[in-house]
file entry11.cif (mmCIF, C-alpha atoms)
data_start
loop_
_atom_site.group_PDB
_atom_site.id
_atom_site.type_symbol
_atom_site.label_atom_id
_atom_site.label_comp_id
_atom_site.auth_asym_id
_atom_site.auth_seq_id
_atom_site.Cartn_x
_atom_site.Cartn_y
_atom_site.Cartn_z
ATOM 1 C CA MET R 256 42.988 97.941 173.441
ATOM 2 C CA GLN R 257 43.444 101.479 172.106
ATOM 3 C CA THR R 258 40.118 103.018 171.098
ATOM 4 C CA ALA R 259 39.716 105.719 168.444
ATOM 5 C CA TYR R 260 38.243 108.119 170.999
ATOM 6 C CA ARG R 261 39.267 108.083 174.644
ATOM 7 C CA ILE R 262 38.547 110.088 177.783
ATOM 8 C CA PHE R 263 41.010 112.844 178.664
ATOM 9 C CA ASP R 264 41.214 114.583 182.019
ATOM 10 C CA ALA R 265 42.118 118.255 181.653
ATOM 11 C CA VAL R 266 41.992 121.569 183.480
ATOM 12 C CA LEU R 267 41.192 125.100 182.383
ATOM 13 C CA THR R 268 44.467 126.998 182.036
ATOM 14 C CA ASP R 269 43.533 130.177 180.167
ATOM 15 C CA ARG R 270 40.599 132.224 178.929
ATOM 16 C CA ARG R 271 40.549 134.852 176.179
ATOM 17 C CA VAL R 272 37.601 136.956 175.034
ATOM 18 C CA LEU R 273 37.391 136.945 171.220
ATOM 19 C CA SER R 274 34.155 138.883 170.762
ATOM 20 C CA PRO R 275 31.033 139.765 172.772
ATOM 21 C CA HIS R 276 29.647 136.279 172.091
ATOM 22 C CA MET R 277 32.743 134.094 171.868
ATOM 23 C CA SER R 278 35.587 133.181 174.200
ATOM 24 C CA ARG R 279 38.568 130.903 173.727
ATOM 25 C CA LEU R 280 39.183 128.495 176.581
ATOM 26 C CA THR R 281 42.493 126.708 176.807
ATOM 27 C CA PHE R 282 42.803 123.323 178.470
ATOM 28 C CA GLY R 283 45.978 121.692 179.691
ATOM 29 C CA GLY R 284 47.215 118.608 181.467
ATOM 30 C CA GLU R 285 49.690 115.854 180.752
ATOM 31 C CA GLN R 286 47.060 113.722 178.996
ATOM 32 C CA ILE R 287 46.445 116.336 176.267
ATOM 33 C CA ALA R 288 49.719 115.295 174.598
ATOM 34 C CA ALA R 289 48.019 111.997 173.680
ATOM 35 C CA MET R 290 45.197 113.811 171.865
ATOM 36 C CA ARG R 291 45.015 113.995 168.074
ATOM 37 C CA THR R 292 43.250 116.098 165.459
ATOM 38 C CA LEU R 293 42.850 115.189 161.792
ATOM 39 C CA ALA R 294 40.998 118.151 160.280
ATOM 40 C CA PRO R 295 40.049 121.762 161.043
ATOM 41 C CA ASP R 296 36.500 120.685 161.964
ATOM 42 C CA GLN R 297 37.572 117.846 164.268
ATOM 43 C CA ARG R 298 34.748 117.149 166.721
ATOM 44 C CA ILE R 299 35.221 116.408 170.407
ATOM 45 C CA LYS R 300 32.841 115.926 173.340
ATOM 46 C CA LEU R 301 33.085 117.927 176.540
ATOM 47 C CA PHE R 302 31.494 116.725 179.771
ATOM 48 C CA PHE R 303 30.286 119.438 182.138
ATOM 49 C CA PRO R 304 29.321 119.294 185.829
ATOM 50 C CA LYS R 305 25.869 118.032 186.689
ATOM 51 C CA THR R 306 23.216 120.376 188.045
ATOM 52 C CA ASP R 307 24.407 119.745 191.611
ATOM 53 C CA GLY R 308 27.936 120.775 190.629
ATOM 54 C CA THR R 309 29.354 117.261 190.665
ATOM 55 C CA PRO R 310 32.080 116.996 188.008
ATOM 56 C CA SER R 311 32.180 114.307 185.366
ATOM 57 C CA ALA R 312 33.975 111.117 186.415
ATOM 58 C CA ILE R 313 33.948 108.839 183.368
ATOM 59 C CA PRO R 314 36.631 106.137 183.455
ATOM 60 C CA ASN R 315 39.111 106.062 180.576
ATOM 61 C CA ARG R 316 38.484 102.536 179.337
ATOM 62 C CA PRO R 317 37.337 101.069 176.004
ATOM 63 C CA ASP R 318 33.698 100.825 177.100
ATOM 64 C CA TRP R 319 33.509 104.357 178.506
ATOM 65 C CA TYR R 320 30.611 105.334 176.261
ATOM 66 C CA ASP R 321 28.585 102.277 177.187
ATOM 67 C CA ILE R 322 29.110 103.177 180.836
ATOM 68 C CA TYR R 323 28.021 106.756 180.215
ATOM 69 C CA ARG R 324 24.974 105.759 178.158
ATOM 70 C CA THR R 325 23.674 103.256 180.734
ATOM 71 C CA LEU R 326 23.584 105.870 183.490
ATOM 72 C CA PRO R 327 20.132 107.303 184.249
ATOM 73 C CA PRO R 328 19.797 110.636 182.411
ATOM 74 C CA ALA R 329 19.672 112.567 185.694
ATOM 75 C CA GLU R 330 23.026 111.090 186.704
ATOM 76 C CA ARG R 331 24.891 111.793 183.468
ATOM 77 C CA ALA R 332 27.243 114.719 183.145
ATOM 78 C CA PRO R 333 25.918 116.989 180.349
ATOM 79 C CA MET R 334 27.790 116.247 177.114
ATOM 80 C CA ARG R 335 28.174 118.745 174.280
ATOM 81 C CA THR R 336 30.017 118.678 170.957
ATOM 82 C CA TYR R 337 32.742 121.209 170.148
ATOM 83 C CA THR R 338 35.515 121.723 167.609
ATOM 84 C CA ILE R 339 39.234 121.578 168.281
ATOM 85 C CA ARG R 340 40.337 125.089 167.427
ATOM 86 C CA ARG R 341 44.014 124.407 168.004
ATOM 87 C CA LEU R 342 45.998 121.516 169.482
ATOM 88 C CA SER R 343 49.682 121.876 170.273
ATOM 89 C CA GLY R 344 51.550 119.628 172.670
ATOM 90 C CA ASP R 345 49.713 119.708 175.984
ATOM 91 C CA ARG R 346 47.569 122.717 175.035
ATOM 92 C CA LEU R 347 44.038 122.502 173.611
ATOM 93 C CA ASP R 348 42.082 125.575 172.484
ATOM 94 C CA VAL R 349 38.291 125.433 172.174
ATOM 95 C CA ASP R 350 36.153 128.414 171.151
ATOM 96 C CA PHE R 351 32.817 128.748 172.975
ATOM 97 C CA VAL R 352 29.762 130.652 171.783
ATOM 98 C CA LEU R 353 28.374 132.433 174.842
ATOM 99 C CA HIS R 354 24.602 132.820 174.917
ATOM 100 C CA GLY R 355 23.904 133.391 178.578
ATOM 101 C CA ASP R 356 23.107 131.206 181.542
ATOM 102 C CA ASN R 357 20.784 128.895 179.613
ATOM 103 C CA GLY R 358 22.893 125.830 178.851
ATOM 104 C CA PRO R 359 25.504 123.753 180.683
ATOM 105 C CA ALA R 360 28.358 124.625 178.305
ATOM 106 C CA SER R 361 27.773 128.376 178.065
ATOM 107 C CA ARG R 362 27.167 128.528 181.818
ATOM 108 C CA TRP R 363 30.388 126.664 182.584
ATOM 109 C CA ALA R 364 32.406 128.681 180.068
ATOM 110 C CA MET R 365 31.313 131.933 181.721
ATOM 111 C CA ARG R 366 31.806 130.806 185.320
ATOM 112 C CA ALA R 367 34.699 128.349 185.317
ATOM 113 C CA ARG R 368 37.889 129.381 187.060
ATOM 114 C CA LEU R 369 41.429 128.591 186.046
ATOM 115 C CA GLY R 370 42.294 125.172 187.396
ATOM 116 C CA ASP R 371 38.741 123.801 187.157
ATOM 117 C CA ALA R 372 38.671 120.213 185.889
ATOM 118 C CA ILE R 373 36.833 118.916 182.845
ATOM 119 C CA GLN R 374 36.662 115.650 180.909
ATOM 120 C CA ILE R 375 36.934 115.463 177.142
ATOM 121 C CA SER R 376 36.346 112.687 174.621
ATOM 122 C CA ALA R 377 38.743 113.195 171.710
ATOM 123 C CA PRO R 378 40.759 111.243 169.130
ATOM 124 C CA ASN R 379 43.443 109.023 170.587
ATOM 125 C CA ALA R 380 46.917 109.610 169.133
ATOM 126 C CA HIS R 381 47.907 106.047 170.053
ATOM 127 C CA CYS R 382 45.132 104.397 168.053
ATOM 128 C CA ASP R 383 46.072 102.996 164.637
ATOM 129 C CA ALA R 384 42.482 102.412 163.548
ATOM 130 C CA LYS R 385 40.520 104.838 161.384
ATOM 131 C CA ILE R 386 39.482 107.900 163.359
ATOM 132 C CA GLY R 387 36.596 109.983 162.073
ATOM 133 C CA GLY R 388 34.793 112.875 163.674
ATOM 134 C CA TYR R 389 35.336 115.417 160.890
ATOM 135 C CA GLU R 390 33.759 116.300 157.538
ATOM 136 C CA TRP R 391 36.252 118.683 155.891
ATOM 137 C CA GLU R 392 38.004 116.532 153.299
ATOM 138 C CA PRO R 393 38.278 118.386 149.969
ATOM 139 C CA PRO R 394 39.389 116.436 146.910
ATOM 140 C CA VAL R 395 42.888 116.760 145.548
ATOM 141 C CA GLY R 396 42.985 119.481 142.919
ATOM 142 C CA VAL R 397 39.986 121.410 144.264
ATOM 143 C CA LYS R 398 39.795 124.816 142.580
ATOM 144 C CA GLN R 399 36.755 126.474 144.154
ATOM 145 C CA VAL R 400 35.398 126.239 147.708
ATOM 146 C CA LEU R 401 32.135 127.444 149.241
ATOM 147 C CA LEU R 402 31.872 127.835 153.034
ATOM 148 C CA ILE R 403 28.665 128.903 154.796
ATOM 149 C CA ALA R 404 28.555 128.972 158.598
ATOM 150 C CA ASP R 405 27.002 130.625 161.610
ATOM 151 C CA GLU R 406 28.831 131.419 164.837
ATOM 152 C CA THR R 407 28.605 127.848 166.133
ATOM 153 C CA ALA R 408 30.543 126.694 163.066
ATOM 154 C CA LEU R 409 32.878 129.708 163.013
ATOM 155 C CA PRO R 410 35.693 127.893 164.904
ATOM 156 C CA ALA R 411 35.712 125.141 162.270
ATOM 157 C CA ALA R 412 35.424 127.615 159.396
ATOM 158 C CA ALA R 413 38.320 129.651 160.791
ATOM 159 C CA GLY R 414 40.467 126.537 160.983
ATOM 160 C CA ILE R 415 39.537 125.613 157.417
ATOM 161 C CA LEU R 416 40.557 129.054 156.166
ATOM 162 C CA GLU R 417 43.868 128.797 158.017
ATOM 163 C CA GLN R 418 44.531 125.465 156.334
ATOM 164 C CA LEU R 419 43.655 126.770 152.871
ATOM 165 C CA ALA R 420 45.756 129.901 153.330
ATOM 166 C CA ALA R 421 48.787 127.710 154.068
ATOM 167 C CA TRP R 422 48.484 125.782 150.786
ATOM 168 C CA PRO R 423 51.117 126.673 148.133
ATOM 169 C CA LYS R 424 48.268 127.663 145.814
ATOM 170 C CA PRO R 425 45.028 128.294 147.756
ATOM 171 C CA PRO R 426 41.823 127.755 145.777
ATOM 172 C CA ARG R 427 39.203 130.371 145.091
ATOM 173 C CA ALA R 428 36.965 130.495 148.130
ATOM 174 C CA GLN R 429 33.632 132.166 148.755
ATOM 175 C CA VAL R 430 32.872 132.371 152.466
ATOM 176 C CA PHE R 431 29.715 133.563 154.232
ATOM 177 C CA ILE R 432 29.634 133.703 158.031
ATOM 178 C CA GLU R 433 26.509 134.731 159.937
ATOM 179 C CA VAL R 434 27.014 136.350 163.349
ATOM 180 C CA ALA R 435 24.858 138.407 165.673
ATOM 181 C CA ALA R 436 26.489 141.793 165.149
ATOM 182 C CA GLU R 437 29.456 143.706 163.755
ATOM 183 C CA ALA R 438 31.436 143.250 166.983
ATOM 184 C CA ASP R 439 31.343 139.456 166.538
ATOM 185 C CA ARG R 440 33.547 139.532 163.453
ATOM 186 C CA LEU R 441 36.948 137.914 163.967
ATOM 187 C CA ALA R 442 40.275 138.358 162.206
ATOM 188 C CA LEU R 443 40.613 135.588 159.617
ATOM 189 C CA PRO R 444 43.246 134.688 156.984
ATOM 190 C CA SER R 445 43.131 136.272 153.552
ATOM 191 C CA TRP R 446 44.532 135.564 150.075
ATOM 192 C CA PRO R 447 43.822 136.982 146.607
ATOM 193 C CA GLY R 448 41.228 134.326 145.727
ATOM 194 C CA LEU R 449 39.214 134.643 148.944
ATOM 195 C CA SER R 450 35.862 136.439 149.109
ATOM 196 C CA LEU R 451 34.714 136.707 152.742
ATOM 197 C CA GLU R 452 31.349 138.213 153.654
ATOM 198 C CA TRP R 453 30.188 138.638 157.239
ATOM 199 C CA LEU R 454 26.409 138.312 157.512
ATOM 200 C CA LEU R 455 25.055 140.417 160.379
ATOM 201 C CA ARG R 456 21.897 138.817 161.717
ATOM 202 C CA GLY R 457 20.594 141.610 163.950
ATOM 203 C CA SER R 458 16.896 140.977 164.626
ATOM 204 C CA LYS R 459 16.427 138.562 161.715
ATOM 205 C CA PRO R 460 15.729 134.858 162.336
ATOM 206 C CA TYR R 461 18.713 132.567 162.839
ATOM 207 C CA GLY R 462 20.000 131.343 159.500
ATOM 208 C CA ALA R 463 18.040 133.747 157.305
ATOM 209 C CA GLU R 464 21.238 135.429 156.116
ATOM 210 C CA MET R 465 22.886 132.035 155.484
ATOM 211 C CA ILE R 466 19.992 130.980 153.266
ATOM 212 C CA ALA R 467 20.077 134.236 151.299
ATOM 213 C CA ALA R 468 23.846 133.881 150.848
ATOM 214 C CA ALA R 469 23.495 130.346 149.518
ATOM 215 C CA ALA R 470 20.979 131.586 146.943
ATOM 216 C CA ARG R 471 23.488 134.066 145.533
ATOM 217 C CA ALA R 472 26.630 131.967 145.944
ATOM 218 C CA ASP R 473 28.936 131.724 142.946
ATOM 219 C CA ILE R 474 28.815 128.023 142.100
ATOM 220 C CA PRO R 475 30.217 126.863 138.744
ATOM 221 C CA SER R 476 27.635 125.525 136.314
ATOM 222 C CA SER R 477 29.682 122.323 136.012
ATOM 223 C CA ALA R 478 28.754 121.470 139.618
ATOM 224 C CA PHE R 479 25.094 121.150 138.633
ATOM 225 C CA PHE R 480 23.900 118.117 136.743
ATOM 226 C CA GLY R 481 20.125 118.368 136.968
ATOM 227 C CA HIS R 482 17.792 115.827 138.513
ATOM 228 C CA HIS R 483 18.516 112.190 137.747
ATOM 229 C CA GLY R 484 16.754 110.508 140.639
ATOM 230 C CA ASP R 485 19.249 111.832 143.187
ATOM 231 C CA VAL R 486 16.731 113.926 145.121
ATOM 232 C CA LEU R 487 17.423 113.771 148.837
ATOM 233 C CA ALA R 488 14.725 113.042 151.379
ATOM 234 C CA GLU R 489 13.456 116.110 153.195
ATOM 235 C CA VAL R 490 14.758 116.673 156.711
ATOM 236 C CA ASP R 491 12.509 117.521 159.661
ATOM 237 C CA PRO R 492 14.715 119.906 161.666
ATOM 238 C CA ASP R 493 12.803 119.149 164.873
ATOM 239 C CA ARG R 494 13.136 115.392 164.576
ATOM 240 C CA ASP R 495 15.932 114.372 162.225
ATOM 241 C CA ILE R 496 19.696 114.714 162.427
ATOM 242 C CA LEU R 497 20.989 116.577 159.398
ATOM 243 C CA TRP R 498 24.465 115.305 158.608
ATOM 244 C CA ASP R 499 25.304 114.837 154.924
ATOM 245 C CA ARG R 500 28.939 114.128 154.125
ATOM 246 C CA ALA R 501 30.463 114.900 150.742
ATOM 247 C CA ASP R 502 31.884 111.996 148.764
ATOM 248 C CA PRO R 503 34.812 113.455 146.818
ATOM 249 C CA GLY R 504 36.310 109.959 146.586
ATOM 250 C CA GLY R 505 33.567 109.134 144.106
ATOM 251 C CA ILE R 506 34.787 111.779 141.687
ATOM 252 C CA ASP R 507 38.161 112.025 139.943
ATOM 253 C CA ALA R 508 39.700 115.456 140.542
ATOM 254 C CA ASP R 509 41.411 117.472 137.821
ATOM 255 C CA PRO R 510 45.017 117.523 139.104
ATOM 256 C CA VAL R 511 46.332 120.058 136.620
ATOM 257 C CA GLY R 512 43.622 122.710 136.910
ATOM 258 C CA ILE R 513 42.942 122.934 133.151
ATOM 259 C CA ASP R 514 39.619 124.360 132.028
ATOM 260 C CA ALA R 515 37.366 121.373 131.340
ATOM 261 C CA ASP R 516 35.501 123.233 128.588
ATOM 262 C CA LEU R 517 38.744 123.686 126.648
ATOM 263 C CA VAL R 518 40.166 120.196 126.826
ATOM 264 C CA GLY R 519 37.052 118.042 127.022
ATOM 265 C CA ILE R 520 37.535 116.649 130.543
ATOM 266 C CA ASP R 521 34.503 114.570 131.509
ATOM 267 C CA ALA R 522 31.678 115.970 133.628
ATOM 268 C CA ASP R 523 32.783 114.234 136.831
ATOM 269 C CA GLN R 524 36.218 115.799 136.592
ATOM 270 C CA ALA R 525 34.694 119.207 135.945
ATOM 271 C CA ARG R 526 32.409 118.941 138.971
ATOM 272 C CA ALA R 527 35.360 117.894 141.106
ATOM 273 C CA GLY R 528 36.734 121.413 140.881
ATOM 274 C CA PHE R 529 34.066 122.567 143.370
ATOM 275 C CA TYR R 530 33.644 121.617 147.028
ATOM 276 C CA GLY R 531 31.188 122.965 149.623
ATOM 277 C CA TRP R 532 30.953 122.910 153.418
ATOM 278 C CA VAL R 533 27.879 124.260 155.220
ATOM 279 C CA ALA R 534 27.246 124.114 158.967
ATOM 280 C CA GLY R 535 25.039 125.888 161.463
ATOM 281 C CA GLU R 536 21.426 126.021 162.641
ATOM 282 C CA THR R 537 19.643 122.883 161.424
ATOM 283 C CA ALA R 538 16.570 124.462 159.821
ATOM 284 C CA ALA R 539 18.758 126.893 157.875
ATOM 285 C CA VAL R 540 21.114 124.162 156.668
ATOM 286 C CA SER R 541 18.106 122.017 155.729
ATOM 287 C CA ARG R 542 16.730 124.826 153.578
ATOM 288 C CA ILE R 543 20.128 125.347 151.907
ATOM 289 C CA ARG R 544 20.323 121.602 151.259
ATOM 290 C CA ALA R 545 16.902 121.513 149.603
ATOM 291 C CA MET R 546 17.569 124.651 147.545
ATOM 292 C CA LEU R 547 20.972 123.678 146.174
ATOM 293 C CA ILE R 548 20.577 119.927 145.719
ATOM 294 C CA ASN R 549 16.892 119.135 145.295
ATOM 295 C CA GLU R 550 15.774 122.302 143.520
ATOM 296 C CA ARG R 551 18.847 123.349 141.545
ATOM 297 C CA GLY R 552 20.471 119.942 141.006
ATOM 298 C CA LEU R 553 23.878 120.469 142.631
ATOM 299 C CA ASP R 554 25.882 117.232 142.682
ATOM 300 C CA ARG R 555 25.344 116.046 146.248
ATOM 301 C CA ARG R 556 28.800 114.419 146.317
ATOM 302 C CA LEU R 557 30.352 117.888 146.399
ATOM 303 C CA MET R 558 28.683 119.176 149.578
ATOM 304 C CA SER R 559 28.945 118.473 153.287
ATOM 305 C CA LEU R 560 25.958 119.903 155.157
ATOM 306 C CA MET R 561 25.758 119.680 158.948
ATOM 307 C CA GLY R 562 23.079 120.813 161.379
ATOM 308 C CA TYR R 563 25.136 121.795 164.410
ATOM 309 C CA TRP R 564 22.169 122.886 166.548
ATOM 310 C CA ARG R 565 18.426 123.579 166.427
ATOM 311 C CA TYR R 566 16.916 126.908 167.416
ATOM 312 C CA GLY R 567 14.543 126.502 170.360
ATOM 313 C CA LYS R 568 16.129 123.273 171.563
ATOM 314 C CA PRO R 569 18.756 122.893 174.299
ATOM 315 C CA HIS R 570 22.278 123.185 172.938
ATOM 316 C CA ALA R 571 25.751 124.191 174.064
#
call {"tool": "encode", "arguments": {"input": "entry11.cif", "output": "structure tokens"}}
result
Amino acid sequence: MQTAYRIFDAVLTDRRVLSPHMSRLTFGGEQIAAMRTLAPDQRIKLFFPKTDGTPSAIPNRPDWYDIYRTLPPAERAPMRTYTIRRLSGDRLDVDFVLHGDNGPASRWAMRARLGDAIQISAPNAHCDAKIGGYEWEPPVGVKQVLLIADETALPAAAGILEQLAAWPKPPRAQVFIEVAAEADRLALPSWPGLSLEWLLRGSKPYGAEMIAAAARADIPSSAFFGHHGDVLAEVDPDRDILWDRADPGGIDADPVGIDADLVGIDADQARAGFYGWVAGETAAVSRIRAMLINERGLDRRLMSLMGYWRYGKPHA
């Protein structure tokens, strides 16, 4: 039986420094050719050596996750979630945020040598069933996009911008990316309708610049519909998983891009012209969620909001 996600055995084949806090690690191996990606924010799981240095040894079989989950916590290889930055043939690029020797992923990314082995759970190219693991799915005919991210979501945001730039007619896009400092800015695609603002955190709290950017974001009035009982439950960043997926399938897009105010297109079609994607530190994303949806009445079907990590808790 071919499962949607399978275990891949790979080795580190290359390393490239992108900025003071980010490196691109390239993985290779004959199994990578059977890997698949469906969106720029495609999630995968990487399994790192245990504290004693023992590498992961998860069997590639349909019940691999059950096997992993039933192991005592002390015997499990640390598992962390990452984004496929680029997949081509037998080459997989993954961008790592480096934050010192205080987590299994950052530690491994800094110390690993070319040829070191790693295991990866990723979409299986030979599976015909539905494969998820991504949230970026804008509606057909989208005319305006909002992206807000911190450095942990920068690899996904960069992939999204590359995809949009390749469209015959890219939409208007307002993009805010929070990073530690000026040196952490990366080269990203550009087009006439793109507004890209790098938010330099400095000594401010994580996510503070993201929240301020969301408050001043240019969102069309048609995307707001007031409160009609669609107020979302508050999220406790220290306890809850924040993962809200947009539902563009519930709204008919405007395929011709005509101004709704001029031709009388219904409200759903007007709102469909906007699509948002927000990812980063959980408390910051939670505040953006409450501000835009609960307080200002943004149509929740138009936004994907993901808490990638929580400040003060172990992460990649």
call {"tool": "resolve_selection", "arguments": {"input": "entry11.cif", "expression": "the PyMOL selection byres ((chain R and resi 365-372) around 7)", "output": "PyMOL selection string"}}
result
chain R and resi 265-269+361-364+373
call {"tool": "residues_near_point", "arguments": {"input": "entry11.cif", "point": "(17.4, 137.0, 162.9)", "cutoff": "12 Å", "atoms": "only C-alpha atoms", "output": "list of chain:residue names"}}
result
R:Asp405, R:Glu433, R:Val434, R:Ala435, R:Ala436, R:Leu454, R:Leu455, R:Arg456, R:Gly457, R:Ser458, R:Lys459, R:Pro460, R:Tyr461, R:Gly462, R:Ala463, R:Glu464, R:Met465, R:Ile466, R:Glu536, R:Ala539, R:Tyr566
call {"tool": "write_last_selection", "arguments": {"input": "entry11.cif", "atoms": "C-alpha atoms", "output": "JSON list (two decimals), in the coordinates of the input"}}
result
[["chain", "number", "residue", "atom", "x", "y", "z"],
["R", 405, "ASP", "CA", 27.00, 130.62, 161.61],
["R", 433, "GLU", "CA", 26.51, 134.73, 159.94],
["R", 434, "VAL", "CA", 27.01, 136.35, 163.35],
["R", 435, "ALA", "CA", 24.86, 138.41, 165.67],
["R", 436, "ALA", "CA", 26.49, 141.79, 165.15],
["R", 454, "LEU", "CA", 26.41, 138.31, 157.51],
["R", 455, "LEU", "CA", 25.06, 140.42, 160.38],
["R", 456, "ARG", "CA", 21.90, 138.82, 161.72],
["R", 457, "GLY", "CA", 20.59, 141.61, 163.95],
["R", 458, "SER", "CA", 16.90, 140.98, 164.63],
["R", 459, "LYS", "CA", 16.43, 138.56, 161.72],
["R", 460, "PRO", "CA", 15.73, 134.86, 162.34],
["R", 461, "TYR", "CA", 18.71, 132.57, 162.84],
["R", 462, "GLY", "CA", 20.00, 131.34, 159.50],
["R", 463, "ALA", "CA", 18.04, 133.75, 157.30],
["R", 464, "GLU", "CA", 21.24, 135.43, 156.12],
["R", 465, "MET", "CA", 22.89, 132.04, 155.48],
["R", 466, "ILE", "CA", 19.99, 130.98, 153.27],
["R", 536, "GLU", "CA", 21.43, 126.02, 162.64],
["R", 539, "ALA", "CA", 18.76, 126.89, 157.88],
["R", 566, "TYR", "CA", 16.92, 126.91, 167.42]]
call {"tool": "atom_distance", "arguments": {"input": "entry11.cif", "atom1": "CA of Asp491 in chain R", "atom2": "CA of Ala538 in chain R"}}
result
8.0 Å
call {"tool": "resolve_selection", "arguments": {"input": "entry11.cif", "expression": "the PyMOL selection byres ((chain R and resi 533) around 7)", "output": "PyMOL selection string"}}
result
chain R and resi 402-404+531-532+534+540+559-561
call {"tool": "resolve_selection", "arguments": {"input": "entry11.cif", "expression": "the PyMOL selection byres ((chain R and resi 438) around 8)", "output": "PDB file with C-alpha atoms, keeping the file's coordinate frame"}}
result
ATOM      1  CA  SER R 274      34.155 138.883 170.762  1.00  0.00           C
ATOM      2  CA  PRO R 275      31.033 139.765 172.772  1.00  0.00           C
ATOM      3  CA  ALA R 436      26.489 141.793 165.149  1.00  0.00           C
ATOM      4  CA  GLU R 437      29.456 143.706 163.755  1.00  0.00           C
ATOM      5  CA  ASP R 439      31.343 139.456 166.538  1.00  0.00           C
ATOM      6  CA  ARG R 440      33.547 139.532 163.453  1.00  0.00           C
TER       7      ARG R 440
END
call {"tool": "atom_distance", "arguments": {"input": "entry11.cif", "atom1": "CA of Asp493 in chain R", "atom2": "CA of Pro328 in chain R"}}
result
20.7 Å
call {"tool": "residues_around", "arguments": {"input": "entry11.cif", "residues": "range 299-305 of chain R", "least_positions_apart": "4", "cutoff": "10 Å", "atoms": "all atoms listed in the file", "output": "ChimeraX atom specification"}}
result
/R:260,262-263,292,309-313,329-339,349,359-360,362-364,372-378,388-389,571
